[in-house]
Amino acid sequence: MSTSSTPKRPPTYAVLSDAAAQRHARLTAQGIYNLASFEVFWQQRQQYLHDAGYLLRPRYRPDWRPSWIGTNLHPRYCEDSIILMDYQVMDATRIATNELVAIKSFTNDTEELQIAQFFSTIKDPMNHCVPIHQILPDPFDHEKALMVMPYLRPCNDPDWSTLGDVVEFVTQTLECCNSDIATPNIMMDAKPLYPDGHHPVRLDFAPDGMHHVTPLPRAGRSIRYFYIDFGLALQFQPGVTPTAIGRVGRDREVPELSNTVPYDPFKVDIFALGNLYSQEFEKKYDSMEFLVPLIEMMTRREPTQRADAEQLLLKWEEIRRDLNKSSFRWRLAPKGEPAIERVLNDTVAVAWHGINHLKSLVS
C-alpha cells in the first residue's frame with residue numbers, strides 16, 4: 001500500500017460542520033467507534049506481529065487514539081475508523097519491503113496448512129494457488145496459527161470491462177483448479193491497476209481511506225489470478241482413486257454432491273469452474289458465445305461425461321486460436337442493455353481506451 005508524499009486536502013464530503021463535529025465527538029466518547037470484539041483479537045497480537053516484521057494499521061495499536069478527535073473531519077473518512085470485513089483475515093504491511101500482505105488466523109489441526117504449503121512449493125507459472133510467505137504460531141492459542149500471504153483483491157472488483165479480460169481470466173483459472181471453486185475464492189494481484197495503492201478494506205478509496213481512487217483498465221496490464229481458501233481441499237496420494245463425500249462448498253448447483261454417495265472431487269471442481277464461467281460471463285454479457293462449448297463440456301450433469309483438465313486446456317487453446325485478437329478490446333455489453341445506452345457506452349469506452357493508450361505512451 002503506497003502513499004503520496006504530499007498530503008491531499010480533505011474533500012468537502014469528509015469535512016463536518018462544527019455542530020456535526022461536536023455530535024460525532026460525543027459518539028466517539030460513547031465508544032461507537034471502538035474496536036469490535038473480533039478486532040481486539042488482532043490488537044492483542046499487534047506487538048507480536050510487529051516483532052515478526054509486520055505492521056498493522058494504526059487502529060490496532062495498543063495506544064490508538066482516534067485521529068479525528070479535535071478536528072472537523074468525519075470519522076467515516078478517517079483511515080483509522082475502518083473496521084475489518086473478515087474477522088479471520090487482517091491486512092498488514094511487511095516492514096522490510098513495504099509490501100501489503102494478508103494474515104489469516106486458522107485452526108492448525110486441519111489439512112489447510114499442509115495443502116497450502118504443498119502448493120507453495122510448486123514453482124510453476126501455471127500454479128495459481130496463493131503463495132504462503134510465512135506461518136507463525138499464534139502467541140496466545142496453541143491450536144491456532146497465522147498464515148501470511150500476499151494481499152489480493154476480489155477477482156471481479158473492478159468489474160470486467162473487455163472481452164480480453166474474460167479470455168485472460170479463463171486462461172489462468174483453467175491452468176490450475178482448486179476445491180470449493182467460486183468467485184469469492186478467486187482473487188487477483190491488482191497492483192498494476194492501482195499503481196498508487198488502494199485501501200485494503202475500503203477498496204474504492206486510496207490508502208488514506210478518504211479519497212476515491214479510480215483503477216486503470218486491465219487491458220495491456222499483467223494481472224495474475226489466484227485460488228484461495230484451502231479449508232475444504234483434499235490431498236490424495238499417487239495411485240489412490242480420489243473420492244469425497246458431503247454437500248459442502250459454495251456452489252450448490254453441483255449435481256452429484258451427496259452426504260452418502262462418494263463422488264470424484266476433481267469432477268466437482270470442473271463443474272464448479274464451468275458454472276462460474278456461465279454465471280459470471282455467459283449469462284451476464286453479450287458476445288460470450290465462444291465460451292458456450294467450453295461451459296457445456298464442464299457442466300454435464302453426469303460426472304463421467306465431463307471433460308478432464310487436459311481436454312479442457314486443449315479445447316480452450318482451440319477456442320482462443322479462433323478468436324480475432326482485435327476483439328479482445330471490445331467492451332463487454334451487459335445483456336439487455338438498451339441500444340441507445342450501448343452506443344453511448346461504446347463511444348465512452350473507445351474514448352477512454354484512447355486516453356489510456358496515450359498515457360501509456362507518455363509514461
# chains A, B, ... in the order shown; residues from 1 in each chain; ligands from 1
>>> residues_around(residues="range 100-108 of chain A", least_positions_apart="4", cutoff="6 Å", atoms="only C-alpha atoms", output="VMD selection string")
chain A and resid 1 88 to 93 143 to 151
>>> residues_around(residues="Asp204 in chain A", least_positions_apart="3", cutoff="12 Å", atoms="only C-alpha atoms", output="tab-separated table (two decimals) with all heavy atoms, in the first residue's frame")
chain	number	residue	atom	x	y	z
A	153	ARG	N	-6.99	-8.86	-4.14
A	153	ARG	CA	-8.27	-8.17	-4.28
A	153	ARG	C	-9.26	-9.11	-4.98
A	153	ARG	O	-8.86	-9.95	-5.79
A	153	ARG	CB	-8.05	-6.90	-5.11
A	153	ARG	CG	-9.25	-5.97	-5.23
A	153	ARG	CD	-8.90	-4.77	-6.08
A	153	ARG	NE	-10.08	-3.93	-6.32
A	153	ARG	CZ	-10.32	-2.78	-5.72
A	153	ARG	NH1	-9.43	-2.29	-4.86
A	153	ARG	NH2	-11.41	-2.09	-5.99
A	157	ASP	N	-13.54	-7.18	-8.96
A	157	ASP	CA	-13.63	-5.82	-8.45
A	157	ASP	C	-12.30	-5.10	-8.69
A	157	ASP	O	-11.33	-5.39	-7.98
A	157	ASP	CB	-13.96	-5.83	-6.95
A	157	ASP	CG	-14.15	-4.44	-6.38
A	157	ASP	OD1	-14.06	-3.46	-7.14
A	157	ASP	OD2	-14.38	-4.33	-5.16
A	158	PRO	N	-12.22	-4.21	-9.68
A	158	PRO	CA	-13.30	-3.69	-10.51
A	158	PRO	C	-13.85	-4.73	-11.48
A	158	PRO	O	-13.21	-5.74	-11.74
A	158	PRO	CB	-12.63	-2.54	-11.27
A	158	PRO	CG	-11.19	-2.93	-11.33
A	158	PRO	CD	-10.91	-3.62	-10.03
A	193	LEU	N	-3.32	-2.25	-11.51
A	193	LEU	CA	-4.50	-1.41	-11.70
A	193	LEU	C	-4.50	-0.22	-10.76
A	193	LEU	O	-5.20	0.78	-11.01
A	193	LEU	CB	-5.78	-2.22	-11.47
A	193	LEU	CG	-5.95	-3.50	-12.29
A	193	LEU	CD1	-7.32	-4.12	-12.00
A	193	LEU	CD2	-5.79	-3.21	-13.77
A	194	TYR	N	-3.74	-0.32	-9.67
A	194	TYR	CA	-3.70	0.74	-8.66
A	194	TYR	C	-2.24	1.05	-8.33
A	194	TYR	O	-1.73	0.66	-7.27
A	194	TYR	CB	-4.44	0.29	-7.39
A	194	TYR	CG	-5.91	-0.01	-7.60
A	194	TYR	CD1	-6.33	-1.28	-8.00
A	194	TYR	CD2	-6.87	0.97	-7.42
A	194	TYR	CE1	-7.68	-1.55	-8.20
A	194	TYR	CE2	-8.22	0.71	-7.61
A	194	TYR	CZ	-8.61	-0.55	-8.00
A	194	TYR	OH	-9.95	-0.82	-8.19
A	197	GLY	N	-1.74	2.41	-5.05
A	197	GLY	CA	-2.35	1.63	-3.98
A	197	GLY	C	-3.82	1.96	-3.77
A	197	GLY	O	-4.38	2.90	-4.36
A	198	HIS	N	-4.46	1.17	-2.95
A	198	HIS	CA	-5.84	1.42	-2.51
A	198	HIS	C	-5.97	0.91	-1.09
A	198	HIS	O	-5.11	0.17	-0.59
A	198	HIS	CB	-6.85	0.72	-3.44
A	198	HIS	CG	-6.78	-0.77	-3.42
A	198	HIS	ND1	-7.34	-1.55	-2.42
A	198	HIS	CD2	-6.21	-1.65	-4.27
A	198	HIS	CE1	-7.11	-2.82	-2.66
A	198	HIS	NE2	-6.42	-2.92	-3.79
A	199	HIS	N	-7.03	1.30	-0.43
A	199	HIS	CA	-7.20	0.85	0.95
A	199	HIS	C	-7.55	-0.63	0.97
A	199	HIS	O	-8.34	-1.10	0.15
A	199	HIS	CB	-8.30	1.66	1.67
A	199	HIS	CG	-8.28	1.47	3.14
A	199	HIS	ND1	-8.91	0.41	3.76
A	199	HIS	CD2	-7.66	2.16	4.13
A	199	HIS	CE1	-8.71	0.48	5.06
A	199	HIS	NE2	-7.94	1.53	5.31
A	200	PRO	N	-6.97	-1.41	1.88
A	200	PRO	CA	-7.19	-2.86	1.87
A	200	PRO	C	-8.59	-3.31	2.27
A	200	PRO	O	-8.97	-4.45	2.02
A	200	PRO	CB	-6.14	-3.37	2.86
A	200	PRO	CG	-5.86	-2.21	3.75
A	200	PRO	CD	-5.98	-1.01	2.89
A	201	VAL	N	-9.37	-2.43	2.90
A	201	VAL	CA	-10.74	-2.78	3.28
A	201	VAL	C	-11.74	-1.96	2.49
A	201	VAL	O	-12.68	-2.49	1.91
A	201	VAL	CB	-10.95	-2.57	4.80
A	201	VAL	CG1	-12.41	-2.85	5.18
A	201	VAL	CG2	-10.02	-3.46	5.60
A	207	PRO	N	-5.22	4.67	-0.13
A	207	PRO	CA	-4.75	4.13	1.16
A	207	PRO	C	-5.14	4.97	2.36
A	207	PRO	O	-5.25	4.45	3.47
A	207	PRO	CB	-3.23	4.08	0.98
A	207	PRO	CG	-3.04	3.88	-0.49
A	207	PRO	CD	-4.12	4.69	-1.13
A	208	ASP	N	-5.38	6.28	2.17
A	208	ASP	CA	-5.78	7.12	3.30
A	208	ASP	C	-7.23	6.91	3.70
A	208	ASP	O	-7.69	7.44	4.72
A	208	ASP	CB	-5.53	8.61	3.00
A	208	ASP	CG	-6.34	9.13	1.81
A	208	ASP	OD1	-7.24	8.42	1.32
A	208	ASP	OD2	-6.06	10.27	1.37
A	209	GLY	N	-7.99	6.13	2.92
A	209	GLY	CA	-9.38	5.85	3.26
A	209	GLY	C	-10.31	7.02	3.05
A	209	GLY	O	-11.49	6.94	3.40
A	210	MET	N	-9.81	8.11	2.50
A	210	MET	CA	-10.58	9.35	2.38
A	210	MET	C	-10.88	9.73	0.94
A	210	MET	O	-11.98	10.20	0.63
A	210	MET	CB	-9.80	10.49	3.06
A	210	MET	CG	-10.51	11.83	3.06
A	210	MET	SD	-9.55	13.11	3.92
A	210	MET	CE	-9.61	12.51	5.62
A	211	HIS	N	-9.94	9.54	0.06
A	211	HIS	CA	-10.09	9.97	-1.33
A	211	HIS	C	-10.46	8.79	-2.23
A	211	HIS	O	-9.89	7.70	-2.11
A	211	HIS	CB	-8.79	10.61	-1.84
A	211	HIS	CG	-8.43	11.87	-1.12
A	211	HIS	ND1	-7.73	11.86	0.06
A	211	HIS	CD2	-8.69	13.17	-1.43
A	211	HIS	CE1	-7.56	13.12	0.47
A	211	HIS	NE2	-8.13	13.93	-0.40
A	212	HIS	N	-11.42	9.01	-3.10
A	212	HIS	CA	-11.80	7.99	-4.06
A	212	HIS	C	-10.63	7.71	-5.01
A	212	HIS	O	-9.84	8.60	-5.31
A	212	HIS	CB	-13.02	8.42	-4.87
A	212	HIS	CG	-14.28	8.43	-4.09
A	212	HIS	ND1	-15.02	7.30	-3.85
A	212	HIS	CD2	-14.95	9.44	-3.46
A	212	HIS	CE1	-16.08	7.59	-3.12
A	212	HIS	NE2	-16.07	8.88	-2.87
A	213	VAL	N	-10.53	6.47	-5.47
A	213	VAL	CA	-9.46	6.10	-6.39
A	213	VAL	C	-10.09	5.37	-7.58
A	213	VAL	O	-11.06	4.62	-7.44
A	213	VAL	CB	-8.41	5.20	-5.69
A	213	VAL	CG1	-9.01	3.88	-5.25
A	213	VAL	CG2	-7.21	4.97	-6.59
A	214	THR	N	-9.56	5.65	-8.76
A	214	THR	CA	-10.07	5.05	-10.00
A	214	THR	C	-9.04	4.07	-10.55
A	214	THR	O	-7.88	4.44	-10.73
A	214	THR	CB	-10.36	6.14	-11.05
A	214	THR	OG1	-11.32	7.06	-10.52
A	214	THR	CG2	-10.90	5.51	-12.33
A	215	PRO	N	-9.44	2.84	-10.81
A	215	PRO	CA	-8.47	1.86	-11.32
A	215	PRO	C	-8.13	2.10	-12.78
A	215	PRO	O	-8.93	2.66	-13.53
A	215	PRO	CB	-9.20	0.53	-11.15
A	215	PRO	CG	-10.65	0.89	-11.28
A	215	PRO	CD	-10.78	2.25	-10.63
>>> select_by_dssp(residues="range 70-226 of chain A", states="strand (DSSP E)", output="PyMOL selection string")
chain A and resi 89-94+99-107+134-137+144-150+153-154+186-189+224-226
>>> write_last_selection(atoms="N, CA and C atoms", output="compact mmCIF listing (two decimals), in the first residue's frame")
# COMPACT_ATOMS: atom_id res chain seq x y z
N VAL A 89 -9.17 -12.50 8.76
CA VAL A 89 -8.06 -12.02 7.92
C VAL A 89 -7.74 -10.56 8.24
N MET A 90 -6.47 -10.31 8.53
CA MET A 90 -6.01 -8.96 8.82
C MET A 90 -5.03 -8.51 7.74
N ASP A 91 -5.17 -7.28 7.30
CA ASP A 91 -4.17 -6.71 6.38
C ASP A 91 -3.02 -6.14 7.20
N ALA A 92 -1.84 -6.17 6.63
CA ALA A 92 -0.65 -5.65 7.31
C ALA A 92 0.37 -5.26 6.26
N THR A 93 1.38 -4.52 6.70
CA THR A 93 2.48 -4.13 5.82
C THR A 93 3.74 -4.84 6.25
N ARG A 94 4.38 -5.53 5.32
CA ARG A 94 5.67 -6.15 5.63
C ARG A 94 6.71 -5.03 5.73
N GLU A 99 5.50 -4.02 1.54
CA GLU A 99 4.51 -4.79 0.77
C GLU A 99 3.28 -5.05 1.62
N LEU A 100 2.13 -4.90 1.01
CA LEU A 100 0.88 -5.21 1.69
C LEU A 100 0.67 -6.72 1.70
N VAL A 101 0.32 -7.27 2.86
CA VAL A 101 0.09 -8.71 3.00
C VAL A 101 -1.24 -8.94 3.70
N ALA A 102 -1.71 -10.17 3.65
CA ALA A 102 -2.89 -10.60 4.38
C ALA A 102 -2.47 -11.68 5.36
N ILE A 103 -2.97 -11.60 6.59
CA ILE A 103 -2.63 -12.57 7.62
C ILE A 103 -3.92 -13.26 8.06
N LYS A 104 -3.97 -14.56 7.89
CA LYS A 104 -5.17 -15.32 8.20
C LYS A 104 -4.97 -16.15 9.46
N SER A 105 -5.92 -16.05 10.37
CA SER A 105 -5.93 -16.90 11.56
C SER A 105 -6.71 -18.17 11.24
N PHE A 106 -6.12 -19.32 11.54
CA PHE A 106 -6.80 -20.58 11.23
C PHE A 106 -6.43 -21.64 12.25
N THR A 107 -7.27 -22.65 12.35
CA THR A 107 -7.01 -23.77 13.23
C THR A 107 -5.96 -24.67 12.59
N GLN A 134 4.74 -17.05 5.03
CA GLN A 134 5.24 -17.46 6.35
C GLN A 134 4.09 -18.01 7.18
N ILE A 135 4.40 -18.94 8.05
CA ILE A 135 3.45 -19.45 9.04
C ILE A 135 3.99 -19.11 10.42
N LEU A 136 3.18 -18.39 11.19
CA LEU A 136 3.58 -18.00 12.54
C LEU A 136 2.69 -18.71 13.55
N PRO A 137 3.25 -19.26 14.61
CA PRO A 137 2.40 -19.81 15.66
C PRO A 137 1.64 -18.69 16.36
N LYS A 144 -4.07 -22.56 17.18
CA LYS A 144 -4.20 -21.69 16.02
C LYS A 144 -2.83 -21.31 15.47
N ALA A 145 -2.82 -20.84 14.22
CA ALA A 145 -1.60 -20.32 13.60
C ALA A 145 -1.99 -19.15 12.72
N LEU A 146 -1.00 -18.38 12.31
CA LEU A 146 -1.22 -17.20 11.49
C LEU A 146 -0.49 -17.38 10.16
N MET A 147 -1.24 -17.38 9.08
CA MET A 147 -0.71 -17.62 7.75
C MET A 147 -0.54 -16.29 7.02
N VAL A 148 0.67 -15.98 6.60
CA VAL A 148 0.95 -14.73 5.91
C VAL A 148 0.98 -14.98 4.40
N MET A 149 0.17 -14.23 3.69
CA MET A 149 0.04 -14.38 2.23
C MET A 149 0.11 -13.01 1.57
N PRO A 150 0.27 -12.96 0.27
CA PRO A 150 0.17 -11.67 -0.42
C PRO A 150 -1.23 -11.10 -0.24
N ARG A 153 -6.99 -8.86 -4.14
CA ARG A 153 -8.27 -8.17 -4.28
C ARG A 153 -9.26 -9.11 -4.98
N PRO A 154 -10.58 -8.99 -4.70
CA PRO A 154 -11.55 -9.84 -5.40
C PRO A 154 -11.37 -9.78 -6.91
N ILE A 186 -11.57 -16.71 -5.75
CA ILE A 186 -10.57 -16.40 -6.75
C ILE A 186 -10.24 -14.91 -6.61
N MET A 187 -9.00 -14.62 -6.34
CA MET A 187 -8.55 -13.25 -6.10
C MET A 187 -7.52 -12.85 -7.14
N MET A 188 -7.14 -11.59 -7.14
CA MET A 188 -6.14 -11.13 -8.10
C MET A 188 -5.14 -10.19 -7.44
N ASP A 189 -3.95 -10.19 -8.00
CA ASP A 189 -2.95 -9.20 -7.65
C ASP A 189 -3.24 -7.97 -8.50
N ARG A 224 -2.54 -11.16 -12.39
CA ARG A 224 -2.43 -12.58 -12.06
C ARG A 224 -3.52 -12.96 -11.07
N TYR A 225 -4.20 -14.07 -11.37
CA TYR A 225 -5.30 -14.55 -10.55
C TYR A 225 -4.85 -15.73 -9.69
N PHE A 226 -5.44 -15.83 -8.50
CA PHE A 226 -5.05 -16.86 -7.55
C PHE A 226 -6.28 -17.50 -6.91
>>> closest_residue(among="A:Ala116, A:Leu16, A:Leu273, A:Val166", to="Glu296 in chain A", atoms="only C-alpha atoms")
A:Leu273
>>> atom_distance(atom1="CA of Asp264 in chain A", atom2="CA of Thr121 in chain A")
25.0 Å
>>> atom_distance(atom1="CA of Arg331 in chain A", atom2="CA of Ala219 in chain A")
10.7 Å
>>> residues_around(residues="range 62-64 of chain A", least_positions_apart="2", cutoff="10 Å", atoms="only C-alpha atoms", output="VMD selection string")
chain A and resid 40 43 to 47 57 to 60 66 to 67 80
>>> write_last_selection(atoms="N, CA and C atoms", output="CSV table (one decimal), in the first residue's frame")
chain,number,residue,atom,x,y,z
A,40,VAL,N,-10.3,-6.8,18.6
A,40,VAL,CA,-9.4,-6.9,19.8
A,40,VAL,C,-8.4,-8.1,19.7
A,43,GLN,N,-5.6,-6.8,17.8
A,43,GLN,CA,-4.8,-5.8,18.6
A,43,GLN,C,-3.9,-6.5,19.6
A,44,GLN,N,-4.4,-7.6,20.2
A,44,GLN,CA,-3.6,-8.3,21.2
A,44,GLN,C,-2.4,-8.9,20.5
A,45,ARG,N,-2.4,-9.1,19.2
A,45,ARG,CA,-1.3,-9.7,18.5
A,45,ARG,C,-0.5,-8.7,17.8
A,46,GLN,N,-0.8,-7.4,17.9
A,46,GLN,CA,-0.1,-6.4,17.2
A,46,GLN,C,1.4,-6.4,17.5
A,47,GLN,N,1.8,-6.4,18.7
A,47,GLN,CA,3.2,-6.3,19.0
A,47,GLN,C,4.0,-7.6,18.6
A,57,ARG,N,-2.3,-1.6,10.9
A,57,ARG,CA,-2.8,-0.2,10.7
A,57,ARG,C,-2.9,0.4,12.1
A,58,PRO,N,-2.8,1.8,12.2
A,58,PRO,CA,-2.8,2.5,13.5
A,58,PRO,C,-4.0,2.1,14.4
A,59,ARG,N,-5.1,1.7,13.8
A,59,ARG,CA,-6.3,1.4,14.6
A,59,ARG,C,-6.0,0.2,15.6
A,60,TYR,N,-5.1,-0.6,15.2
A,60,TYR,CA,-4.9,-1.9,16.0
A,60,TYR,C,-3.7,-1.8,16.9
A,66,PRO,N,-8.3,7.9,18.3
A,66,PRO,CA,-8.9,8.2,17.0
A,66,PRO,C,-8.3,9.6,16.5
A,67,SER,N,-7.9,9.5,15.2
A,67,SER,CA,-7.3,10.7,14.6
A,67,SER,C,-8.2,11.9,14.4
A,80,ASP,N,-8.4,5.4,10.3
A,80,ASP,CA,-8.4,4.5,11.5
A,80,ASP,C,-9.8,4.3,12.0
>>> select_by_dssp(residues="range 78-306 of chain A", states="alpha helix (DSSP H)", output="PyMOL selection string")
chain A and resi 112-120+163-175+265-277+292-298
>>> atom_distance(atom1="CA of Lys315 in chain A", atom2="CA of Ser120 in chain A")
27.9 Å
>>> closest_residue(among="A:Met297, A:Tyr48, A:Leu291, A:Glu310", to="Asp322 in chain A", atoms="only C-alpha atoms")
A:Leu291
>>> closest_residue(among="A:Val167, A:Ala96, A:Ala244, A:Met288", to="Ala52 in chain A", atoms="only C-alpha atoms")
A:Ala96
>>> closest_residue(among="A:Asn185, A:Glu302, A:Phe266, A:Glu175", to="Leu314 in chain A", atoms="only C-alpha atoms")
A:Glu175
>>> residues_around(residues="Asp18 in chain A", least_positions_apart="4", cutoff="9 Å", atoms="only C-alpha atoms", output="list in words")
Gln22, Arg23 and Asn72 of chain A
